[in-house]
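**Student:** File upload02.tsv follows (TSV, C-alpha atoms):
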chain	number	residue	atom	x	y	z
A	2	MET	CA	-2.96	306.61	-88.41
A	3	ASN	CA	-5.21	308.35	-90.94
A	4	THR	CA	-8.16	306.96	-92.87
A	5	SER	CA	-6.67	308.38	-96.06
A	6	ASP	CA	-3.73	306.00	-95.61
A	7	PHE	CA	-6.09	303.24	-96.79
A	8	TYR	CA	-7.21	304.81	-100.04
A	9	TYR	CA	-6.68	303.30	-103.49
A	10	ASP	CA	-8.05	304.10	-106.96
A	11	LEU	CA	-10.59	301.60	-108.27
A	12	PRO	CA	-12.12	301.77	-111.76
A	13	THR	CA	-15.89	301.40	-111.36
A	14	GLU	CA	-16.04	298.74	-114.07
A	15	LEU	CA	-14.16	296.36	-111.74
A	16	ILE	CA	-16.98	296.41	-109.17
A	17	ALA	CA	-18.70	293.07	-109.74
A	18	GLN	CA	-22.44	293.55	-110.18
A	19	ASP	CA	-23.40	289.91	-110.71
A	20	PRO	CA	-22.18	286.63	-109.21
A	21	LEU	CA	-20.39	284.15	-111.45
A	22	GLU	CA	-22.56	281.23	-112.52
A	23	ASP	CA	-20.01	278.81	-111.08
A	24	ARG	CA	-19.30	279.72	-107.45
A	25	SER	CA	-15.71	278.47	-107.49
A	26	ALA	CA	-14.79	279.95	-110.88
A	27	SER	CA	-13.37	283.09	-109.26
A	28	ARG	CA	-9.75	284.05	-109.47
A	29	LEU	CA	-7.55	283.81	-106.41
A	30	MET	CA	-4.70	286.12	-105.46
A	31	VAL	CA	-2.30	284.54	-102.98
A	32	LEU	CA	-0.42	287.04	-100.83
A	33	ASP	CA	2.50	286.09	-98.59
A	34	LYS	CA	1.98	288.34	-95.58
A	35	GLU	CA	5.65	288.23	-94.61
A	36	THR	CA	7.31	288.95	-97.97
A	37	GLY	CA	4.49	290.59	-99.95
A	38	GLU	CA	4.97	288.05	-102.76
A	39	ILE	CA	1.89	287.77	-105.00
A	40	THR	CA	0.73	284.75	-106.99
A	41	HIS	CA	-2.25	284.68	-109.35
A	42	ARG	CA	-4.33	281.49	-109.28
A	43	HIS	CA	-7.90	280.19	-109.60
A	44	PHE	CA	-10.05	279.70	-106.52
A	45	THR	CA	-10.12	275.91	-106.82
A	46	ASP	CA	-6.34	276.02	-106.36
A	47	ILE	CA	-7.02	276.87	-102.70
A	48	LEU	CA	-6.58	273.14	-102.01
A	49	GLU	CA	-2.86	273.48	-102.79
A	50	TYR	CA	-2.48	275.95	-99.92
A	51	LEU	CA	-4.17	273.80	-97.27
A	52	THR	CA	-2.49	271.03	-95.33
A	53	PRO	CA	-3.89	268.16	-93.21
A	54	GLY	CA	-4.56	269.32	-89.68
A	55	ASP	CA	-5.34	272.91	-90.66
A	56	CYS	CA	-8.64	274.28	-89.37
A	57	LEU	CA	-10.82	276.16	-91.85
A	58	VAL	CA	-13.30	278.41	-90.02
A	59	ILE	CA	-16.55	279.33	-91.77
A	60	ASN	CA	-19.38	281.67	-90.74
A	61	ASP	CA	-22.68	279.80	-91.11
A	62	THR	CA	-24.95	282.83	-90.73
A	63	LYS	CA	-27.88	283.05	-93.14
A	64	VAL	CA	-29.01	286.29	-94.76
A	65	ILE	CA	-32.65	287.16	-94.20
A	66	PRO	CA	-34.68	288.94	-96.93
A	67	ALA	CA	-34.50	292.06	-94.83
A	68	ARG	CA	-35.62	294.75	-97.29
A	69	LEU	CA	-39.35	295.51	-97.14
A	70	TYR	CA	-41.38	297.85	-99.36
A	71	GLY	CA	-44.66	299.21	-98.04
A	72	VAL	CA	-46.82	302.28	-97.55
A	73	LYS	CA	-47.37	304.77	-94.75
A	74	GLU	CA	-50.87	304.40	-93.38
A	75	GLY	CA	-53.02	307.50	-93.78
A	76	THR	CA	-51.08	308.94	-96.72
A	77	GLY	CA	-50.30	305.93	-98.90
A	78	ALA	CA	-46.75	307.24	-99.37
A	79	LEU	CA	-44.27	304.56	-100.41
A	80	CYS	CA	-41.62	303.58	-97.89
A	81	GLU	CA	-38.66	301.24	-97.60
A	82	VAL	CA	-37.59	299.45	-94.42
A	83	LEU	CA	-34.35	297.56	-93.93
A	84	LEU	CA	-34.18	295.26	-90.90
A	85	LEU	CA	-30.85	295.65	-89.12
A	86	LYS	CA	-31.03	294.10	-85.66
A	87	ARG	CA	-33.69	292.22	-83.75
A	88	GLU	CA	-34.28	293.83	-80.36
A	89	ASP	CA	-36.93	291.37	-79.17
A	90	LYS	CA	-39.47	289.00	-80.73
A	91	ASP	CA	-41.36	291.66	-82.71
A	92	THR	CA	-39.20	294.81	-82.49
A	93	TRP	CA	-36.34	295.54	-84.88
A	94	GLU	CA	-33.84	298.33	-85.33
A	95	CYS	CA	-34.35	299.46	-88.92
A	96	LEU	CA	-33.10	301.83	-91.57
A	97	VAL	CA	-36.04	303.62	-93.20
A	98	ARG	CA	-36.66	305.74	-96.29
A	99	PRO	CA	-37.78	308.49	-96.61
A	100	GLY	CA	-36.49	309.20	-93.13
A	101	LYS	CA	-37.86	312.73	-92.75
A	102	LYS	CA	-41.46	311.58	-93.17
A	103	LEU	CA	-41.32	308.51	-90.97
A	104	ARG	CA	-41.39	309.78	-87.39
A	105	ALA	CA	-42.28	308.08	-84.12
A	106	GLY	CA	-45.90	306.94	-84.14
A	107	ALA	CA	-46.09	306.42	-87.90
A	108	ARG	CA	-47.73	303.18	-88.96
A	109	LEU	CA	-46.61	301.18	-91.99
A	110	SER	CA	-48.31	298.44	-94.01
A	111	PHE	CA	-46.70	295.72	-96.12
A	112	GLY	CA	-48.33	293.34	-98.60
A	113	GLY	CA	-52.00	292.54	-99.10
A	114	HIS	CA	-52.70	295.59	-101.22
A	115	GLU	CA	-56.20	294.37	-102.19
A	116	GLY	CA	-57.26	293.74	-98.60
A	117	GLU	CA	-55.83	293.61	-95.11
A	118	PRO	CA	-52.02	294.01	-95.02
A	119	ILE	CA	-49.98	290.90	-94.32
A	120	LEU	CA	-47.64	292.82	-92.02
A	121	THR	CA	-47.92	296.14	-90.18
A	122	GLY	CA	-45.38	298.09	-88.18
A	123	GLU	CA	-45.32	301.07	-85.86
A	124	ILE	CA	-42.27	303.30	-85.42
A	125	THR	CA	-41.80	303.40	-81.66
A	126	ASP	CA	-38.54	305.33	-81.43
A	127	VAL	CA	-36.13	307.42	-83.50
A	128	LEU	CA	-32.53	306.62	-82.56
A	129	PRO	CA	-29.69	309.19	-82.40
A	130	ASP	CA	-28.12	307.85	-85.61
A	131	GLY	CA	-31.42	308.16	-87.49
A	132	ASN	CA	-32.36	304.49	-87.38
A	133	ARG	CA	-35.80	303.52	-86.09
A	134	HIS	CA	-37.25	300.95	-83.75
A	135	ILE	CA	-40.27	299.35	-85.40
A	136	ARG	CA	-42.70	297.02	-83.62
A	137	PHE	CA	-44.32	294.62	-86.09
A	138	THR	CA	-47.78	293.04	-85.90
A	139	TYR	CA	-48.71	289.96	-87.92
A	140	GLU	CA	-50.37	286.57	-87.84
A	141	GLY	CA	-48.27	283.45	-88.23
A	142	ILE	CA	-44.49	283.13	-88.30
A	143	PHE	CA	-42.45	286.29	-88.91
A	144	GLU	CA	-39.70	284.48	-90.85
A	145	GLU	CA	-42.24	283.00	-93.26
A	146	ILE	CA	-43.76	286.43	-93.82
A	147	LEU	CA	-40.29	287.82	-94.56
A	148	ASP	CA	-39.69	285.07	-97.12
A	149	GLN	CA	-42.96	286.09	-98.78
A	150	LEU	CA	-42.54	289.88	-98.73
A	151	GLY	CA	-38.85	290.67	-98.29
A	152	GLU	CA	-35.96	291.10	-100.72
A	153	MET	CA	-32.28	290.39	-100.23
A	154	PRO	CA	-30.47	293.49	-98.91
A	155	LEU	CA	-27.65	293.74	-101.44
A	156	PRO	CA	-24.81	296.18	-100.70
A	157	PRO	CA	-25.35	299.74	-101.97
A	158	TYR	CA	-22.66	299.44	-104.65
A	159	ILE	CA	-24.54	296.58	-106.38
A	160	THR	CA	-27.13	298.14	-108.66
A	161	HIS	CA	-28.27	294.99	-110.49
A	162	LYS	CA	-31.26	293.03	-109.20
A	163	LEU	CA	-30.37	289.51	-108.08
A	164	LYS	CA	-32.02	286.83	-110.26
A	165	ASP	CA	-31.50	284.05	-107.71
A	166	LYS	CA	-31.65	285.18	-104.07
A	167	ASP	CA	-29.88	281.99	-102.96
A	168	ARG	CA	-26.80	283.21	-104.82
A	169	TYR	CA	-26.33	285.72	-101.98
A	170	GLN	CA	-26.10	282.84	-99.50
A	171	THR	CA	-23.16	280.57	-98.77
A	172	VAL	CA	-23.79	276.87	-99.40
A	173	TYR	CA	-23.38	276.29	-95.66
A	174	ALA	CA	-25.71	279.10	-94.48
A	175	LYS	CA	-27.79	277.80	-91.56
A	176	ASN	CA	-28.51	280.31	-88.78
A	177	SER	CA	-30.78	283.17	-89.93
A	178	GLY	CA	-30.03	286.71	-88.81
A	179	SER	CA	-27.67	288.54	-91.19
A	180	ALA	CA	-28.41	291.73	-93.07
A	181	ALA	CA	-25.49	290.96	-95.38
A	182	ALA	CA	-23.67	287.84	-96.57
A	183	PRO	CA	-20.21	286.76	-95.38
A	184	THR	CA	-19.13	287.05	-98.99
A	185	ALA	CA	-15.73	285.32	-98.89
A	186	GLY	CA	-17.70	282.12	-98.39
A	187	LEU	CA	-19.64	282.57	-101.64
A	188	HIS	CA	-16.71	281.04	-103.55
A	189	PHE	CA	-17.13	277.61	-101.94
A	190	THR	CA	-19.27	274.84	-103.40
A	191	LYS	CA	-20.34	271.79	-101.42
A	192	GLU	CA	-18.05	269.73	-103.64
A	193	LEU	CA	-15.03	271.91	-102.91
A	194	LEU	CA	-15.69	271.80	-99.17
A	195	SER	CA	-15.94	268.03	-99.38
A	196	LYS	CA	-12.50	267.90	-101.00
A	197	VAL	CA	-11.17	270.13	-98.22
A	198	GLU	CA	-12.40	267.68	-95.58
A	199	GLN	CA	-11.19	264.64	-97.51
A	200	MET	CA	-7.63	265.97	-97.44
A	201	GLY	CA	-7.70	266.11	-93.64
A	202	VAL	CA	-8.57	269.75	-93.04
A	203	VAL	CA	-10.93	270.31	-90.12
A	204	ILE	CA	-13.89	272.60	-90.79
A	205	ALA	CA	-15.18	274.60	-87.82
A	206	HIS	CA	-18.45	276.56	-87.85
A	207	VAL	CA	-19.01	279.86	-86.06
A	208	THR	CA	-21.87	282.34	-86.42
A	209	LEU	CA	-21.68	286.10	-86.73
A	210	HIS	CA	-24.77	287.93	-87.96
A	211	VAL	CA	-23.38	290.57	-90.31
A	212	GLY	CA	-24.81	294.10	-90.01
A	213	LEU	CA	-24.95	296.72	-92.73
A	214	GLY	CA	-22.45	298.73	-90.72
A	215	THR	CA	-19.83	296.61	-92.44
A	216	PHE	CA	-20.43	298.74	-95.57
A	217	ARG	CA	-20.37	302.10	-93.82
A	218	PRO	CA	-17.39	304.27	-94.73
A	219	VAL	CA	-15.05	305.53	-92.05
A	220	LYS	CA	-15.93	309.23	-91.77
A	221	VAL	CA	-13.26	310.33	-89.27
A	222	GLU	CA	-9.71	311.13	-90.35
A	223	ASN	CA	-8.11	309.54	-87.28
A	224	VAL	CA	-8.74	305.79	-87.56
A	225	GLU	CA	-8.78	305.32	-83.78
A	226	GLU	CA	-11.79	307.64	-83.44
A	227	HIS	CA	-14.03	305.40	-85.56
A	228	HIS	CA	-16.86	303.65	-83.69
A	229	MET	CA	-17.64	300.13	-84.89
A	230	HIS	CA	-21.14	298.69	-85.17
A	231	SER	CA	-22.07	295.74	-82.93
A	232	GLU	CA	-22.78	292.27	-84.27
A	233	TYR	CA	-24.02	289.13	-82.53
A	234	TYR	CA	-21.81	286.05	-82.56
A	235	VAL	CA	-21.92	282.45	-81.34
A	236	VAL	CA	-19.04	279.99	-80.82
A	237	GLU	CA	-20.24	276.52	-79.83
A	238	PRO	CA	-18.04	274.44	-77.46
A	239	SER	CA	-17.50	271.71	-80.07
A	240	GLU	CA	-16.23	274.24	-82.63
A	241	ALA	CA	-13.97	276.01	-80.12
A	242	GLU	CA	-12.49	272.61	-79.34
A	243	LYS	CA	-11.64	272.01	-83.01
A	244	ILE	CA	-9.92	275.38	-83.31
A	245	ASN	CA	-8.02	275.07	-80.03
A	246	ALA	CA	-6.86	271.57	-80.97
A	247	ALA	CA	-5.47	272.81	-84.28
A	248	LYS	CA	-3.53	275.59	-82.53
A	249	ALA	CA	-2.26	273.24	-79.82
A	250	ASN	CA	-0.97	270.80	-82.44
A	251	GLY	CA	0.89	273.47	-84.38
A	252	HIS	CA	-1.55	273.71	-87.29
A	253	ARG	CA	-2.96	276.85	-88.87
A	254	VAL	CA	-6.34	278.44	-88.26
A	255	ILE	CA	-7.59	279.82	-91.58
A	256	CYS	CA	-10.65	282.04	-91.49
A	257	VAL	CA	-13.04	282.32	-94.41
A	258	GLY	CA	-13.90	286.00	-94.38
A	259	THR	CA	-13.41	288.93	-92.06
A	260	THR	CA	-16.59	287.98	-90.18
A	261	SER	CA	-15.10	284.64	-89.09
A	262	CYS	CA	-11.91	286.49	-88.19
A	263	ARG	CA	-13.73	289.03	-86.02
A	264	THR	CA	-15.64	286.26	-84.30
A	265	LEU	CA	-12.49	284.36	-83.32
A	266	GLU	CA	-10.60	287.42	-82.21
A	267	SER	CA	-13.60	288.59	-80.17
A	268	ALA	CA	-13.86	285.26	-78.37
A	269	SER	CA	-10.11	284.79	-77.90
A	270	GLN	CA	-8.33	284.61	-74.57
A	271	PRO	CA	-5.00	286.35	-73.79
A	272	ASP	CA	-3.21	283.00	-74.13
A	273	GLY	CA	-4.52	282.55	-77.69
A	274	THR	CA	-7.18	279.97	-76.90
A	275	LEU	CA	-10.77	280.36	-78.00
A	276	LYS	CA	-13.56	280.57	-75.43
A	277	PRO	CA	-16.97	279.22	-76.45
A	278	GLY	CA	-19.94	281.48	-75.88
A	279	SER	CA	-22.10	284.15	-77.45
A	280	GLY	CA	-22.54	287.89	-77.26
A	281	TRP	CA	-22.14	291.19	-79.06
A	282	THR	CA	-18.85	292.35	-80.52
A	283	ASP	CA	-17.71	295.71	-81.85
A	284	ILE	CA	-14.08	294.69	-82.27
A	285	PHE	CA	-12.15	297.04	-84.57
A	286	ILE	CA	-9.00	295.54	-86.07
A	287	TYR	CA	-6.49	297.85	-87.72
A	288	PRO	CA	-2.67	297.93	-88.08
A	289	GLY	CA	-0.99	297.44	-84.74
A	290	TYR	CA	-3.44	294.74	-83.69
A	291	ARG	CA	-1.87	291.41	-82.72
A	292	PHE	CA	-3.92	288.42	-83.83
A	293	LYS	CA	-4.43	285.80	-81.14
A	294	VAL	CA	-6.11	282.95	-83.04
A	295	LEU	CA	-6.12	283.58	-86.78
A	296	ASP	CA	-3.10	282.60	-88.91
A	297	SER	CA	-4.39	283.01	-92.47
A	298	LEU	CA	-7.41	284.59	-94.13
A	299	ILE	CA	-9.49	284.00	-97.26
A	300	THR	CA	-11.21	287.25	-98.16
A	301	ASN	CA	-12.57	289.38	-100.99
A	302	PHE	CA	-11.28	292.78	-102.10
A	303	HIS	CA	-12.67	295.59	-99.96
A	304	LEU	CA	-13.81	299.19	-100.29
A	305	PRO	CA	-11.21	301.98	-100.11
A	306	GLU	CA	-10.86	303.52	-96.62
A	307	SER	CA	-13.05	300.78	-95.10
A	308	THR	CA	-12.66	298.98	-91.77
A	309	LEU	CA	-12.28	295.71	-93.70
A	310	LEU	CA	-9.32	297.08	-95.66
A	311	MET	CA	-7.82	298.12	-92.33
A	312	LEU	CA	-8.33	294.61	-90.96
A	313	VAL	CA	-6.46	292.90	-93.80
A	314	SER	CA	-3.76	295.56	-93.50
A	315	ALA	CA	-3.35	294.60	-89.85
A	316	LEU	CA	-2.68	291.02	-90.96
A	317	ALA	CA	-0.38	291.58	-93.94
A	318	GLY	CA	0.84	295.17	-93.53
A	319	ARG	CA	-0.59	298.24	-95.22
A	320	GLU	CA	2.17	298.44	-97.83
A	321	HIS	CA	1.75	294.79	-98.87
A	322	ILE	CA	-2.03	295.14	-99.07
A	323	LEU	CA	-1.99	298.33	-101.14
A	324	ALA	CA	0.58	296.79	-103.48
A	325	ALA	CA	-1.65	293.71	-103.82
A	326	TYR	CA	-4.67	295.88	-104.59
A	327	GLU	CA	-2.67	297.80	-107.19
A	328	SER	CA	-1.82	294.46	-108.78
A	329	ALA	CA	-5.47	293.37	-108.61
A	330	VAL	CA	-6.55	296.51	-110.48
A	331	LYS	CA	-3.85	295.98	-113.09
A	332	GLU	CA	-4.82	292.33	-113.55
A	333	ARG	CA	-8.53	293.23	-113.75
A	334	TYR	CA	-9.71	291.31	-110.71
A	335	ARG	CA	-13.39	291.65	-109.80
A	336	PHE	CA	-13.96	293.62	-106.58
A	337	PHE	CA	-16.28	293.52	-103.55
A	338	SER	CA	-19.11	291.13	-102.61
A	339	PHE	CA	-19.40	289.25	-105.92
A	340	GLY	CA	-15.75	289.70	-106.79
A	341	ASP	CA	-12.65	287.53	-106.74
A	342	ALA	CA	-10.79	286.25	-103.70
A	343	MET	CA	-7.51	286.72	-101.88
A	344	LEU	CA	-5.67	284.28	-99.65
A	345	ILE	CA	-3.41	285.98	-97.12
A	346	ARG	CA	-1.04	283.27	-95.90
Output the structure of this file as structure tokens.

**Tutor:**
Amino acid sequence: MNTSDFYYDLPTELIAQDPLEDRSASRLMVLDKETGEITHRHFTDILEYLTPGDCLVINDTKVIPARLYGVKEGTGALCEVLLLKREDKDTWECLVRPGKKLRAGARLSFGGHEGEPILTGEITDVLPDGNRHIRFTYEGIFEEILDQLGEMPLPPYITHKLKDKDRYQTVYAKNSGSAAAPTAGLHFTKELLSKVEQMGVVIAHVTLHVGLGTFRPVKVENVEEHHMHSEYYVVEPSEAEKINAAKANGHRVICVGTTSCRTLESASQPDGTLKPGSGWTDIFIYPGYRFKVLDSLITNFHLPESTLLMLVSALAGREHILAAYESAVKERYRFFSFGDAMLIR
């Protein structure tokens, strides 16, 4: 299976640069994964496609303001650091710019330009993929310093500056650690989630801290040769119990976003039950994969030739997905993180 099999033409004007003022005002494409039938709705119509006893699974990760701007000590050269993965209390794997000038041993300063810096960092290692390990030094609480100095790490295809950083968080974001938002969840308001619960749908929380690798293009032609990035996930026993109960009683498990999907499939057992626990996952789902837990998926529209497009193709079939995307382009849907939604049922 070739990466080029997952290509489609997308006019750049359909890439959503700003979130809608009303979270749930997005459009909703409903795709029948068996027949390929497409229906065009509004996102609030999602209630019509849920039934009592279903389990809606949401990823409650919280995006940290992971982009830092500072200077290289000794030269004063400007630098940019993007926090990717916490290795220990004060050491992070980071993406840095300009990479050629930031070698092992370089020291960086952030904030406090009229006196002592608020935060300093030393590059301790250059990794094979070009990322760096940086050990930070500071006084106080690191998360509070990030809130003061950091910016939200928007995907590279969004060129507008975000006016409200909370708009890149889901309304149920709780556990800090993501470098990117689980964007399918951005469509939900607290009011809409309340209506979901009131109609007898069970809501289960899982956590997967999304890495920027989710935006990396697949650079190999043979899909099976692609190496996935690792992400940390947590499934609490109480939430696994909700999901297992829904499956046992013949109800559907509906994931909000590919991150929730990857979490469940990573923690699944051969018999289709979900095992509580935590760990790192680099699961790669593409056509041919047999889903063990997930039945339906609420998702956004993904980049051409991306691992996320391959995942939804595994669920609904490549032909159905590409036909749906062709329809989305024709109907002028908004694409990617701040775009419209799709329900694959």

**Student:** Go through A:Arg104, A:Arg291, A:Arg319, A:His303 one by one, measure the shortest atom-to-atom distance of each to Phe336 in chain A using only C-alpha atoms, and give the residue with the smallest value.

**Tutor:** A:His303

**Student:** Give me, please, the distance in Å between CA of Ala105 in chain A and CA of Arg68 in chain A, quoted to one decimal.

**Tutor:**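 Taking CA of Ala105 in chain A as the start and CA of Arg68 in chain A as the end point, the length is 19.9 Å.
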
**Student:** Compare A:Glu35, A:Asp91, A:Asp23, A:Asp272 by their minimum atom-to-atom distance to Phe292 in chain A, counting only C-alpha atoms, and give me the closest one.

**Tutor:** A:Asp272

**Student:** Can you list, as a count of residues only, every protein, DNA or RNA residue that comes within 12 Å of Leu265 in chain A when you count all atoms listed in the file, leaving out same-chain residues fewer than 5 positions away?

**Tutor:** 40

**Student:** Using all atoms listed in the file, find each residue in range 129-194 of chain A having at least one atom no more than 12 Å away from range 75-81 of chain A; report its shortest atom-to-atom pair and that distance in Å (one decimal), rows by chain then rising number, as a tab-separated table.

**Tutor:**
residue	atom	partner	partner_atom	distance
A:Gly151	CA	A:Glu81	CA	10.6
A:Glu152	CA	A:Glu81	CA	10.9
A:Pro154	CA	A:Glu81	CA	11.4

**Student:** Please measure the separation of CA of Glu226 in chain A and CA of Gly318 in chain A, giving the value in Å to one decimal.

**Tutor:**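 Separating CA of Glu226 in chain A from CA of Gly318 in chain A is a distance of 20.4 Å.
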
**Student:** Nearest to Lys90 in chain A: which of A:Arg108, A:Arg346, A:Arg136, A:Lys248 is it, counting only C-alpha atoms?

**Tutor:** A:Arg136

**Student:** Looking at all atoms listed in the file, which of A:Glu14, A:Glu49, A:Glu144, A:Glu306 is the one that sits closest to Leu344 in chain A?

**Tutor:**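 Checking each candidate against Leu344 in chain A, we get A:Glu49 as the closest.
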
**Student:** May I ask which of the residues A:Ala67, A:Pro305, A:Glu198, A:Ser267 is the closest one to Pro218 in chain A, counting all atoms listed in the file?

**Tutor:**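 Closest candidate: A:Pro305.
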
**Student:** Measure the distance from CA of Gly214 in chain A to CA of Ile142 in chain A in Å and round it to one decimal.

**Tutor:**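 Rounded to one decimal, the two atoms are 27.1 Å apart.
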
**Student:** From the list A:Ser179, A:Asn132, A:Thr125, A:Ser261, which residue is nearest Gly100 in chain A when using all atoms listed in the file?

**Tutor:**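 Ranking A:Ser179, A:Asn132, A:Thr125, A:Ser261 by distance to Gly100 in chain A, first place goes to A:Asn132.
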
**Student:** Mind checking which residues fall within 9 Å of His321 in chain A, counting all atoms listed in the file, ignoring those fewer than 4 positions away in the same chain, and posting them as a PyMOL selection string?

**Tutor:** chain A and resi 32-38+314+317+325-326
